[in-house]
$ cat input23.cif   # mmCIF, C-alpha atoms
data_start
#
loop_
_atom_site.group_PDB
_atom_site.id
_atom_site.type_symbol
_atom_site.label_atom_id
_atom_site.label_comp_id
_atom_site.auth_asym_id
_atom_site.auth_seq_id
_atom_site.Cartn_x
_atom_site.Cartn_y
_atom_site.Cartn_z
ATOM 1 C CA GLY A 201 0.000 0.000 0.000
ATOM 2 C CA SER A 202 2.922 2.398 0.642
ATOM 3 C CA ILE A 203 3.865 2.573 -3.032
ATOM 4 C CA ALA A 204 0.351 3.465 -4.025
ATOM 5 C CA ARG A 205 0.152 6.204 -1.389
ATOM 6 C CA ARG A 206 3.425 7.725 -2.476
ATOM 7 C CA SER A 207 2.246 7.792 -6.062
ATOM 8 C CA VAL A 208 -1.008 9.531 -5.172
ATOM 9 C CA SER A 209 1.002 12.140 -3.310
ATOM 10 C CA ARG A 210 3.260 12.678 -6.305
ATOM 11 C CA GLY A 211 0.265 12.885 -8.586
ATOM 12 C CA THR A 212 -1.462 15.647 -6.653
ATOM 13 C CA LYS A 213 1.757 17.596 -6.189
ATOM 14 C CA SER A 214 2.484 17.494 -9.916
ATOM 15 C CA TYR A 215 0.034 20.390 -10.333
ATOM 16 C CA SER A 216 2.524 22.765 -8.752
ATOM 17 C CA SER A 217 0.497 25.923 -9.443
ATOM 18 C CA TYR A 218 -2.229 24.958 -6.956
ATOM 19 C CA ASP A 219 -2.414 26.473 -3.505
ATOM 20 C CA GLY A 220 -3.589 24.529 -0.424
ATOM 21 C CA ASP A 221 -7.293 25.054 -1.164
ATOM 22 C CA ASP A 222 -6.913 23.692 -4.683
ATOM 23 C CA THR A 223 -5.169 20.574 -3.363
ATOM 24 C CA ASP A 224 -8.028 20.012 -0.942
ATOM 25 C CA SER A 225 -10.441 20.375 -3.866
ATOM 26 C CA ILE A 226 -8.583 17.699 -5.817
ATOM 27 C CA ASN A 227 -8.682 15.311 -2.862
ATOM 28 C CA GLU A 228 -12.412 15.939 -2.488
ATOM 29 C CA LEU A 229 -12.973 15.295 -6.196
ATOM 30 C CA ILE A 230 -10.947 12.092 -6.024
ATOM 31 C CA ASN A 231 -13.257 10.845 -3.282
ATOM 32 C CA ASN A 232 -16.276 11.873 -5.369
ATOM 33 C CA ALA A 233 -14.867 9.991 -8.357
ATOM 34 C CA LEU A 234 -14.664 6.836 -6.250
ATOM 35 C CA GLU A 235 -18.339 7.233 -5.341
ATOM 36 C CA SER A 236 -19.762 8.134 -8.762
ATOM 37 C CA GLY A 237 -17.954 5.720 -11.140
ATOM 38 C CA SER A 238 -19.827 2.834 -12.776
ATOM 39 C CA VAL A 239 -19.382 -0.040 -15.204
ATOM 40 C CA ASP A 240 -21.844 0.085 -18.089
ATOM 41 C CA SER A 241 -22.700 -2.340 -20.840
ATOM 42 C CA GLU A 242 -22.152 0.494 -23.317
ATOM 43 C CA PRO A 243 -18.730 2.168 -23.634
ATOM 44 C CA LYS A 244 -18.093 5.653 -22.210
ATOM 45 C CA SER A 245 -15.194 7.630 -23.622
ATOM 46 C CA HIS A 246 -14.549 9.558 -20.379
ATOM 47 C CA ILE A 247 -14.196 6.727 -17.860
ATOM 48 C CA SER A 248 -11.888 3.733 -17.883
ATOM 49 C CA PHE A 249 -12.682 0.254 -16.616
ATOM 50 C CA SER A 250 -9.885 0.693 -14.071
ATOM 51 C CA GLU A 251 -11.576 3.749 -12.586
ATOM 52 C CA SER A 252 -14.831 1.817 -12.421
ATOM 53 C CA VAL A 253 -13.091 -0.938 -10.460
ATOM 54 C CA LEU A 254 -12.064 1.610 -7.861
ATOM 55 C CA SER A 255 -15.647 2.827 -7.497
ATOM 56 C CA GLN A 256 -16.913 -0.746 -7.160
ATOM 57 C CA ASP A 257 -14.449 -1.387 -4.337
ATOM 58 C CA HIS A 258 -15.642 1.740 -2.569
ATOM 59 C CA SER A 259 -19.294 0.723 -2.898
ATOM 60 C CA THR A 260 -18.495 -2.747 -1.567
ATOM 61 C CA TRP A 261 -16.703 -1.246 1.410
ATOM 62 C CA LYS A 262 -19.688 0.996 2.185
ATOM 63 C CA SER A 263 -22.107 -1.937 2.087
ATOM 64 C CA MET A 264 -19.826 -4.092 4.258
ATOM 65 C CA THR A 265 -19.487 -1.389 6.915
ATOM 66 C CA ALA A 266 -23.190 -0.494 7.043
ATOM 67 C CA PRO A 267 -24.873 -1.139 10.437
ATOM 68 C CA LEU A 268 -26.442 -4.590 10.683
ATOM 69 C CA LYS A 269 -30.194 -4.870 11.210
ATOM 70 C CA SER A 270 -31.599 -7.229 13.835
ATOM 71 C CA THR A 271 -32.668 -10.524 12.236
ATOM 72 C CA THR A 272 -34.243 -13.811 13.250
ATOM 73 C CA LYS A 273 -32.137 -16.973 13.504
ATOM 74 C CA GLU A 274 -33.713 -18.312 10.294
ATOM 75 C CA ALA A 275 -32.934 -15.106 8.416
ATOM 76 C CA GLN A 276 -29.399 -15.025 9.780
ATOM 77 C CA SER A 277 -28.862 -18.662 8.768
ATOM 78 C CA ALA A 278 -30.087 -17.913 5.240
ATOM 79 C CA ALA A 279 -27.838 -14.862 5.081
ATOM 80 C CA ASP A 280 -24.832 -16.934 6.200
ATOM 81 C CA GLY A 281 -25.645 -19.503 3.501
ATOM 82 C CA ASN A 282 -25.796 -16.774 0.850
ATOM 83 C CA ILE A 283 -22.450 -15.384 2.006
ATOM 84 C CA LYS A 284 -20.822 -18.835 1.780
ATOM 85 C CA SER A 285 -22.279 -19.346 -1.690
ATOM 86 C CA LEU A 286 -20.971 -15.951 -2.760
ATOM 87 C CA ASP A 287 -17.522 -16.705 -1.303
ATOM 88 C CA ASP A 288 -17.404 -20.032 -3.199
ATOM 89 C CA LYS A 289 -18.342 -18.257 -6.431
ATOM 90 C CA LYS A 290 -15.664 -15.597 -5.918
ATOM 91 C CA SER A 291 -13.099 -18.316 -5.211
ATOM 92 C CA ARG A 292 -13.920 -20.073 -8.498
ATOM 93 C CA GLU A 293 -13.826 -16.795 -10.418
ATOM 94 C CA LYS A 294 -10.448 -15.906 -8.873
ATOM 95 C CA SER A 295 -9.056 -19.289 -9.943
ATOM 96 C CA VAL A 296 -10.263 -18.763 -13.519
ATOM 97 C CA VAL A 297 -8.823 -15.238 -13.671
ATOM 98 C CA ASP A 298 -5.445 -16.382 -12.312
ATOM 99 C CA SER A 299 -5.370 -19.215 -14.862
ATOM 100 C CA PHE A 300 -6.129 -16.874 -17.780
ATOM 101 C CA PHE A 301 -3.559 -14.365 -16.522
ATOM 102 C CA LYS A 302 -0.802 -16.997 -16.595
ATOM 103 C CA LYS A 303 -1.887 -17.971 -20.092
ATOM 104 C CA VAL A 304 -2.123 -14.445 -21.507
ATOM 105 C CA ILE A 305 1.423 -13.517 -20.324
ATOM 106 C CA SER A 306 2.928 -16.703 -21.760
ATOM 107 C CA VAL A 307 1.369 -18.619 -24.662
ATOM 108 C CA GLY A 308 -1.476 -16.163 -25.328
ATOM 109 C CA ILE A 309 -5.210 -16.625 -25.882
ATOM 110 C CA GLN A 310 -6.384 -17.625 -29.337
ATOM 111 C CA LEU A 311 -8.842 -15.076 -30.741
ATOM 112 C CA HIS A 312 -9.905 -13.913 -34.177
ATOM 113 C CA LEU A 313 -9.953 -10.193 -34.908
ATOM 114 C CA ASN A 314 -12.787 -8.940 -37.107
ATOM 115 C CA ILE A 315 -11.783 -5.996 -39.283
ATOM 116 C CA PRO A 316 -14.531 -3.887 -40.923
ATOM 117 C CA PRO A 317 -14.314 -3.048 -44.648
ATOM 118 C CA ASN A 318 -12.350 0.033 -45.663
ATOM 119 C CA LYS A 319 -13.989 1.638 -48.679
ATOM 120 C CA ARG A 320 -11.326 4.301 -48.960
ATOM 121 C CA HIS A 321 -8.591 1.710 -49.496
ATOM 122 C CA LYS A 322 -10.949 -0.748 -51.229
ATOM 123 C CA MET A 323 -10.441 -3.393 -48.556
ATOM 124 C CA ALA A 324 -13.123 -5.994 -47.802
ATOM 125 C CA SER A 325 -14.126 -7.122 -44.324
ATOM 126 C CA GLN A 326 -11.648 -9.574 -42.801
ATOM 127 C CA LYS A 327 -11.480 -12.142 -40.018
ATOM 128 C CA ARG A 328 -7.887 -12.708 -39.013
ATOM 129 C CA LYS A 329 -6.584 -15.482 -36.772
ATOM 130 C CA GLY A 330 -4.253 -14.511 -33.947
ATOM 131 C CA LYS A 331 -3.428 -14.520 -30.262
ATOM 132 C CA LEU A 332 -3.907 -12.001 -27.468
ATOM 133 C CA PHE A 333 -1.068 -11.377 -25.002
ATOM 134 C CA LEU A 334 -0.556 -9.154 -21.958
ATOM 135 C CA ARG A 335 2.815 -7.436 -22.061
ATOM 136 C CA PHE A 336 4.720 -5.338 -19.528
ATOM 137 C CA GLY A 337 8.415 -4.605 -19.100
ATOM 138 C CA THR A 338 9.401 -2.183 -21.857
ATOM 139 C CA ARG A 339 10.795 1.216 -20.868
ATOM 140 C CA ASN A 340 10.468 4.638 -22.447
ATOM 141 C CA ASN A 341 12.897 7.369 -21.361
ATOM 142 C CA GLY A 342 13.853 5.251 -18.367
ATOM 143 C CA LYS A 343 10.266 4.767 -17.176
ATOM 144 C CA PHE A 344 8.278 1.543 -17.425
ATOM 145 C CA GLU A 345 5.338 1.801 -19.801
ATOM 146 C CA GLU A 346 1.792 0.733 -18.909
ATOM 147 C CA PRO A 347 0.797 -2.941 -19.104
ATOM 148 C CA SER A 348 -0.783 -3.475 -22.520
ATOM 149 C CA PHE A 349 -2.746 -6.103 -24.365
ATOM 150 C CA VAL A 350 -1.166 -7.052 -27.682
ATOM 151 C CA TRP A 351 -3.009 -8.982 -30.385
ATOM 152 C CA LYS A 352 -0.658 -10.605 -32.920
ATOM 153 C CA ASP A 353 -1.665 -11.897 -36.329
ATOM 154 C CA ALA A 354 -1.039 -15.622 -36.759
ATOM 155 C CA MET A 355 -2.050 -15.905 -40.433
ATOM 156 C CA GLU A 356 0.653 -17.091 -42.799
ATOM 157 C CA ASN A 357 1.450 -15.602 -46.211
ATOM 158 C CA SER A 358 -0.113 -12.246 -45.335
ATOM 159 C CA THR A 359 0.909 -8.783 -44.185
ATOM 160 C CA PRO A 360 1.364 -9.014 -40.384
ATOM 161 C CA THR A 361 -1.184 -7.166 -38.267
ATOM 162 C CA MET A 362 -0.719 -6.182 -34.630
ATOM 163 C CA GLU A 363 -3.008 -4.271 -32.260
ATOM 164 C CA ASN A 364 -1.708 -2.767 -29.038
ATOM 165 C CA PHE A 365 -3.846 -1.103 -26.322
ATOM 166 C CA SER A 366 -3.167 -0.133 -22.715
ATOM 167 C CA LEU A 367 -4.931 -2.071 -19.975
ATOM 168 C CA PHE A 368 -5.759 1.278 -18.339
ATOM 169 C CA ASP A 369 -7.433 2.613 -21.518
ATOM 170 C CA ILE A 370 -10.158 -0.058 -21.647
ATOM 171 C CA SER A 371 -13.592 1.486 -21.091
ATOM 172 C CA SER A 372 -15.722 -1.649 -21.601
ATOM 173 C CA ILE A 373 -15.697 -5.307 -22.614
ATOM 174 C CA ARG A 374 -19.125 -6.238 -23.962
ATOM 175 C CA LYS A 375 -21.177 -8.100 -26.528
ATOM 176 C CA PRO A 376 -21.956 -6.217 -29.754
ATOM 177 C CA SER A 377 -25.472 -5.145 -30.699
ATOM 178 C CA VAL A 378 -27.161 -6.493 -33.829
ATOM 179 C CA PHE A 379 -26.771 -3.148 -35.565
ATOM 180 C CA GLU A 380 -23.060 -2.930 -34.783
ATOM 181 C CA LEU A 381 -22.487 -6.297 -36.456
ATOM 182 C CA ASP A 382 -23.712 -4.883 -39.783
ATOM 183 C CA SER A 383 -20.177 -3.540 -40.240
ATOM 184 C CA PHE A 384 -18.683 -6.990 -39.646
ATOM 185 C CA PRO A 385 -20.378 -9.402 -42.099
ATOM 186 C CA MET A 386 -17.896 -12.211 -41.370
ATOM 187 C CA ALA A 387 -18.368 -12.138 -37.585
ATOM 188 C CA SER A 388 -20.256 -14.840 -35.688
ATOM 189 C CA ALA A 389 -22.682 -12.926 -33.458
ATOM 190 C CA ASP A 390 -22.745 -15.408 -30.559
ATOM 191 C CA SER A 391 -18.966 -15.665 -30.306
ATOM 192 C CA CYS A 392 -17.922 -12.013 -30.460
ATOM 193 C CA PHE A 393 -17.163 -9.295 -27.941
ATOM 194 C CA PHE A 394 -15.977 -5.713 -28.193
ATOM 195 C CA VAL A 395 -13.027 -4.270 -26.305
ATOM 196 C CA SER A 396 -13.677 -0.518 -26.314
ATOM 197 C CA ARG A 397 -11.127 2.119 -25.390
ATOM 198 C CA CYS A 398 -11.484 5.542 -23.808
ATOM 199 C CA ASP A 399 -10.548 7.215 -27.115
ATOM 200 C CA GLY A 400 -13.732 5.809 -28.695
ATOM 201 C CA ASN A 401 -12.057 3.082 -30.767
ATOM 202 C CA SER A 402 -13.108 -0.566 -30.458
ATOM 203 C CA LEU A 403 -11.814 -3.974 -31.493
ATOM 204 C CA LEU A 404 -14.177 -6.876 -32.235
ATOM 205 C CA PHE A 405 -12.664 -10.169 -31.092
ATOM 206 C CA GLU A 406 -14.161 -13.580 -31.757
ATOM 207 C CA ALA A 407 -13.713 -16.819 -29.814
ATOM 208 C CA ILE A 408 -14.332 -20.346 -31.092
ATOM 209 C CA ASP A 409 -17.844 -20.452 -29.621
ATOM 210 C CA ASN A 410 -20.211 -18.711 -27.214
ATOM 211 C CA VAL A 411 -18.945 -20.597 -24.150
ATOM 212 C CA GLN A 412 -15.339 -19.605 -24.834
ATOM 213 C CA MET A 413 -16.393 -16.025 -25.593
ATOM 214 C CA THR A 414 -18.069 -15.764 -22.182
ATOM 215 C CA ARG A 415 -15.044 -17.242 -20.425
ATOM 216 C CA VAL A 416 -12.508 -15.042 -22.196
ATOM 217 C CA SER A 417 -14.437 -11.768 -21.900
ATOM 218 C CA SER A 418 -15.160 -12.418 -18.202
ATOM 219 C CA ALA A 419 -11.525 -13.347 -17.557
ATOM 220 C CA LEU A 420 -10.268 -10.182 -19.277
ATOM 221 C CA LYS A 421 -12.562 -8.072 -17.091
ATOM 222 C CA GLY A 422 -11.244 -9.931 -14.075
ATOM 223 C CA ILE A 423 -7.631 -9.341 -15.123
ATOM 224 C CA VAL A 424 -8.190 -5.587 -15.501
ATOM 225 C CA ALA A 425 -10.007 -5.473 -12.156
ATOM 226 C CA LYS A 426 -7.401 -7.487 -10.241
ATOM 227 C CA MET A 427 -4.489 -5.645 -11.818
ATOM 228 C CA THR A 428 -6.008 -2.323 -10.759
ATOM 229 C CA LYS A 429 -6.656 -3.503 -7.207
ATOM 230 C CA SER A 430 -3.157 -4.987 -6.922
ATOM 231 C CA ILE A 431 -1.526 -1.743 -7.992
ATOM 232 C CA ILE A 432 -3.572 0.372 -5.602
ATOM 233 C CA THR A 433 -2.887 -1.940 -2.640
ATOM 234 C CA GLY A 434 0.806 -2.264 -3.457
ATOM 235 C CA ASP A 435 0.629 -5.994 -4.263
ATOM 236 C CA ASP A 436 3.423 -6.592 -6.814
ATOM 237 C CA THR A 437 2.741 -10.316 -7.402
ATOM 238 C CA TRP A 438 1.409 -9.924 -10.948
ATOM 239 C CA ILE A 439 3.947 -7.256 -11.867
ATOM 240 C CA THR A 440 6.695 -9.648 -10.771
ATOM 241 C CA GLN A 441 5.252 -12.411 -12.968
ATOM 242 C CA MET A 442 4.931 -10.093 -15.985
ATOM 243 C CA LEU A 443 8.518 -8.877 -15.603
ATOM 244 C CA ALA A 444 9.725 -12.469 -15.331
ATOM 245 C CA SER A 445 7.919 -13.379 -18.572
ATOM 246 C CA VAL A 446 9.964 -10.707 -20.378
ATOM 247 C CA HIS A 447 13.252 -10.415 -18.457
ATOM 248 C CA GLY A 448 13.468 -13.788 -16.706
ATOM 249 C CA SER A 449 14.990 -13.863 -13.229
ATOM 250 C CA SER A 450 16.760 -10.539 -13.871
ATOM 251 C CA GLY A 451 13.358 -8.836 -13.710
ATOM 252 C CA ASP A 452 13.465 -8.998 -9.896
ATOM 253 C CA GLU A 453 15.783 -5.993 -9.715
ATOM 254 C CA TYR A 454 13.180 -3.803 -11.455
ATOM 255 C CA ILE A 455 10.160 -4.660 -9.254
ATOM 256 C CA VAL A 456 10.166 -1.548 -7.042
ATOM 257 C CA THR A 457 10.760 0.840 -9.940
ATOM 258 C CA ALA A 458 8.233 -0.927 -12.164
ATOM 259 C CA THR A 459 5.554 -0.931 -9.457
ATOM 260 C CA THR A 460 6.075 2.778 -8.795
ATOM 261 C CA ASP A 461 5.945 3.656 -12.510
ATOM 262 C CA VAL A 462 2.820 1.643 -13.235
ATOM 263 C CA THR A 463 1.093 3.106 -10.148
ATOM 264 C CA ASP A 464 1.856 6.598 -11.447
ATOM 265 C CA HIS A 465 0.283 5.690 -14.799
ATOM 266 C CA LEU A 466 -2.884 4.395 -13.166
ATOM 267 C CA ILE A 467 -3.311 7.314 -10.759
ATOM 268 C CA LYS A 468 -2.758 9.866 -13.487
ATOM 269 C CA LYS A 469 -5.180 8.256 -15.915
ATOM 270 C CA SER A 470 -7.935 7.068 -13.608
ATOM 271 C CA ILE A 471 -8.313 9.642 -10.882
ATOM 272 C CA VAL A 472 -6.120 12.727 -10.746
ATOM 273 C CA ASP A 473 -6.654 13.876 -14.336
ATOM 274 C CA GLU A 474 -10.404 13.335 -14.010
ATOM 275 C CA ALA A 475 -10.435 15.288 -10.742
ATOM 276 C CA TYR A 476 -8.426 18.077 -12.361
ATOM 277 C CA ARG A 477 -10.896 18.376 -15.258
ATOM 278 C CA LYS A 478 -13.868 18.420 -12.881
ATOM 279 C CA MET A 479 -12.258 21.079 -10.709
ATOM 280 C CA ARG A 480 -11.499 23.307 -13.694
ATOM 281 C CA ALA A 481 -15.030 22.843 -15.043
ATOM 282 C CA LYS A 482 -16.423 23.812 -11.639
ATOM 283 C CA GLN A 483 -14.237 26.919 -11.521
ATOM 284 C CA VAL A 484 -15.358 27.956 -15.019
ATOM 285 C CA SER A 485 -19.044 27.505 -14.141
ATOM 286 C CA VAL A 486 -18.666 29.718 -11.062
ATOM 287 C CA ARG A 487 -17.087 32.599 -12.982
#

$ encode --input "input23.cif" --output "structure tokens"
Amino acid sequence: GSIARRSVSRGTKSYSSYDGDDTDSINELINNALESGSVDSEPKSHISFSESVLSQDHSTWKSMTAPLKSTTKEAQSAADGNIKSLDDKKSREKSVVDSFFKKVISVGIQLHLNIPPNKRHKMASQKRKGKLFLRFGTRNNGKFEEPSFVWKDAMENSTPTMENFSLFDISSIRKPSVFELDSFPMASADSCFFVSRCDGNSLLFEAIDNVQMTRVSSALKGIVAKMTKSIITGDDTWITQMLASVHGSSGDEYIVTATTDVTDHLIKKSIVDEAYRKMRAKQVSVR
């Protein structure tokens, strides 16, 4: 947790022109962001999935700390049974997410990428075979870059295609609507899901069938959620595994620096920048 707290402090201090009152306003807006975020079935360009995870954690904490109402023994027994059932479900989901995480940082997950037609370049709609990986460990100007999903083309005798998008830029992972599929005539409706980004762009991936689509899309949501929580709480387990997949055992020497850098990326993208925009908008509206 200490790494995360240091990063938040650095993030708020990076706006050096603020006086004490402005800093208090940012902290207040950060708390408001944690309360107002949500995960929608439709993509929103102004909120990332990572920020939504933070708001979900806050809501869960509020419900867990709410005063308990007096109940009968039968009601309490039923409630205890529901809690156990929920705990069992979460345990199974955690196991699935951990399994997919190990796969996506090593051998990858097999997925087709549906590409819409491009009339300007006279290109027809395509369905390309490939694999999705999660990569982390590259540095830019001495600083570790954000963890990113990378889809690599596996088709032979063709021009290679690669898609790269930051884990922190994902705004939604969802099934496409019937109307959206009109632009993808080769896609199988029951096996597809969109990964939408905060910049408004989306990628339509396709699994081998509906069951696999549900598993993969749910696992990807779980990976984004767990990665976000791990970074905020200072748990470097996954970061260590990702570094090892790229640098081997030598990745251990970068753990502290990598964890600090990736925490800075998350704080800047998910909370502080949003709080800064809200504060400025509030100031403009008052003038």

$ resolve_selection --input "input23.cif" --expression "the PyMOL selection byres ((chain A and resi 391) around 8)" --output "PyMOL selection string"
chain A and resi 388-390+392-393+406-413

$ residues_around --input "input23.cif" --residues "Leu404 (chain A)" --least-positions-apart "3" --cutoff "8 Å" --atoms "all atoms listed in the file" --output "count of residues only"
7

$ resolve_selection --input "input23.cif" --expression "the PyMOL selection byres ((chain A and resi 459) around 9)" --output "list in words"
Ile203, Ala204, Phe344, Ile431, Gly434, Asp435, Asp436, Ile439, Thr440, Tyr454, Ile455, Val456, Thr457, Ala458, Thr460, Asp461, Val462, Thr463 and Asp464 of chain A

$ write_last_selection --input "input23.cif" --atoms "C-alpha atoms" --output "compact mmCIF listing (two decimals), keeping the file's coordinate frame"
# COMPACT_ATOMS: atom_id res chain seq x y z
CA ILE A 203 3.86 2.57 -3.03
CA ALA A 204 0.35 3.46 -4.03
CA PHE A 344 8.28 1.54 -17.42
CA ILE A 431 -1.53 -1.74 -7.99
CA GLY A 434 0.81 -2.26 -3.46
CA ASP A 435 0.63 -5.99 -4.26
CA ASP A 436 3.42 -6.59 -6.81
CA ILE A 439 3.95 -7.26 -11.87
CA THR A 440 6.70 -9.65 -10.77
CA TYR A 454 13.18 -3.80 -11.46
CA ILE A 455 10.16 -4.66 -9.25
CA VAL A 456 10.17 -1.55 -7.04
CA THR A 457 10.76 0.84 -9.94
CA ALA A 458 8.23 -0.93 -12.16
CA THR A 460 6.08 2.78 -8.80
CA ASP A 461 5.94 3.66 -12.51
CA VAL A 462 2.82 1.64 -13.24
CA THR A 463 1.09 3.11 -10.15
CA ASP A 464 1.86 6.60 -11.45

$ closest_residue --input "input23.cif" --among "A:Ala324, A:Val446, A:Cys398, A:Val296" --to "Arg415 (chain A)" --atoms "only C-alpha atoms"
A:Val296

$ atom_distance --input "input23.cif" --atom1 "CA of Lys327 (chain A)" --atom2 "CA of Val424 (chain A)"
25.6 Å

$ residues_around --input "input23.cif" --residues "Ser396 (chain A)" --least-positions-apart "6" --cutoff "8 Å" --atoms "all atoms listed in the file" --output "MDAnalysis selection string"
chainID A and resid 243 370:373 402:403

$ write_last_selection --input "input23.cif" --atoms "C-alpha atoms" --output "PDB file, keeping the file's coordinate frame"
ATOM      1  CA  PRO A 243     -18.730   2.168 -23.634  1.00  0.00           C
ATOM      2  CA  ILE A 370     -10.158  -0.058 -21.647  1.00  0.00           C
ATOM      3  CA  SER A 371     -13.592   1.486 -21.091  1.00  0.00           C
ATOM      4  CA  SER A 372     -15.722  -1.649 -21.601  1.00  0.00           C
ATOM      5  CA  ILE A 373     -15.697  -5.307 -22.614  1.00  0.00           C
ATOM      6  CA  SER A 402     -13.108  -0.566 -30.458  1.00  0.00           C
ATOM      7  CA  LEU A 403     -11.814  -3.974 -31.493  1.00  0.00           C
TER       8      LEU A 403
END

$ closest_residue --input "input23.cif" --among "A:Leu367, A:Glu380, A:Asp452, A:Lys331" --to "Pro347 (chain A)" --atoms "only C-alpha atoms"
A:Leu367

$ atom_distance --input "input23.cif" --atom1 "CA of Phe379 (chain A)" --atom2 "CA of Val416 (chain A)"
22.9 Å

$ resolve_selection --input "input23.cif" --expression "the PyMOL selection byres ((chain A and resi 299) around 12)" --output "PyMOL selection string"
chain A and resi 292-298+300-309+415-416+419-420+422-423

$ write_last_selection --input "input23.cif" --atoms "C-alpha atoms" --output "CSV table (one decimal), in the coordinates of the input"
chain,number,residue,atom,x,y,z
A,292,ARG,CA,-13.9,-20.1,-8.5
A,293,GLU,CA,-13.8,-16.8,-10.4
A,294,LYS,CA,-10.4,-15.9,-8.9
A,295,SER,CA,-9.1,-19.3,-9.9
A,296,VAL,CA,-10.3,-18.8,-13.5
A,297,VAL,CA,-8.8,-15.2,-13.7
A,298,ASP,CA,-5.4,-16.4,-12.3
A,300,PHE,CA,-6.1,-16.9,-17.8
A,301,PHE,CA,-3.6,-14.4,-16.5
A,302,LYS,CA,-0.8,-17.0,-16.6
A,303,LYS,CA,-1.9,-18.0,-20.1
A,304,VAL,CA,-2.1,-14.4,-21.5
A,305,ILE,CA,1.4,-13.5,-20.3
A,306,SER,CA,2.9,-16.7,-21.8
A,307,VAL,CA,1.4,-18.6,-24.7
A,308,GLY,CA,-1.5,-16.2,-25.3
A,309,ILE,CA,-5.2,-16.6,-25.9
A,415,ARG,CA,-15.0,-17.2,-20.4
A,416,VAL,CA,-12.5,-15.0,-22.2
A,419,ALA,CA,-11.5,-13.3,-17.6
A,420,LEU,CA,-10.3,-10.2,-19.3
A,422,GLY,CA,-11.2,-9.9,-14.1
A,423,ILE,CA,-7.6,-9.3,-15.1

$ closest_residue --input "input23.cif" --among "A:Gly337, A:Pro376, A:Gly330, A:Pro316" --to "Lys352 (chain A)" --atoms "all atoms listed in the file"
A:Gly330

$ atom_distance --input "input23.cif" --atom1 "CA of Leu466 (chain A)" --atom2 "CA of Phe368 (chain A)"
6.7 Å

$ closest_residue --input "input23.cif" --among "A:Asn401, A:Thr338, A:Ser430, A:Ser377" --to "Phe365 (chain A)" --atoms "all atoms listed in the file"
A:Asn401
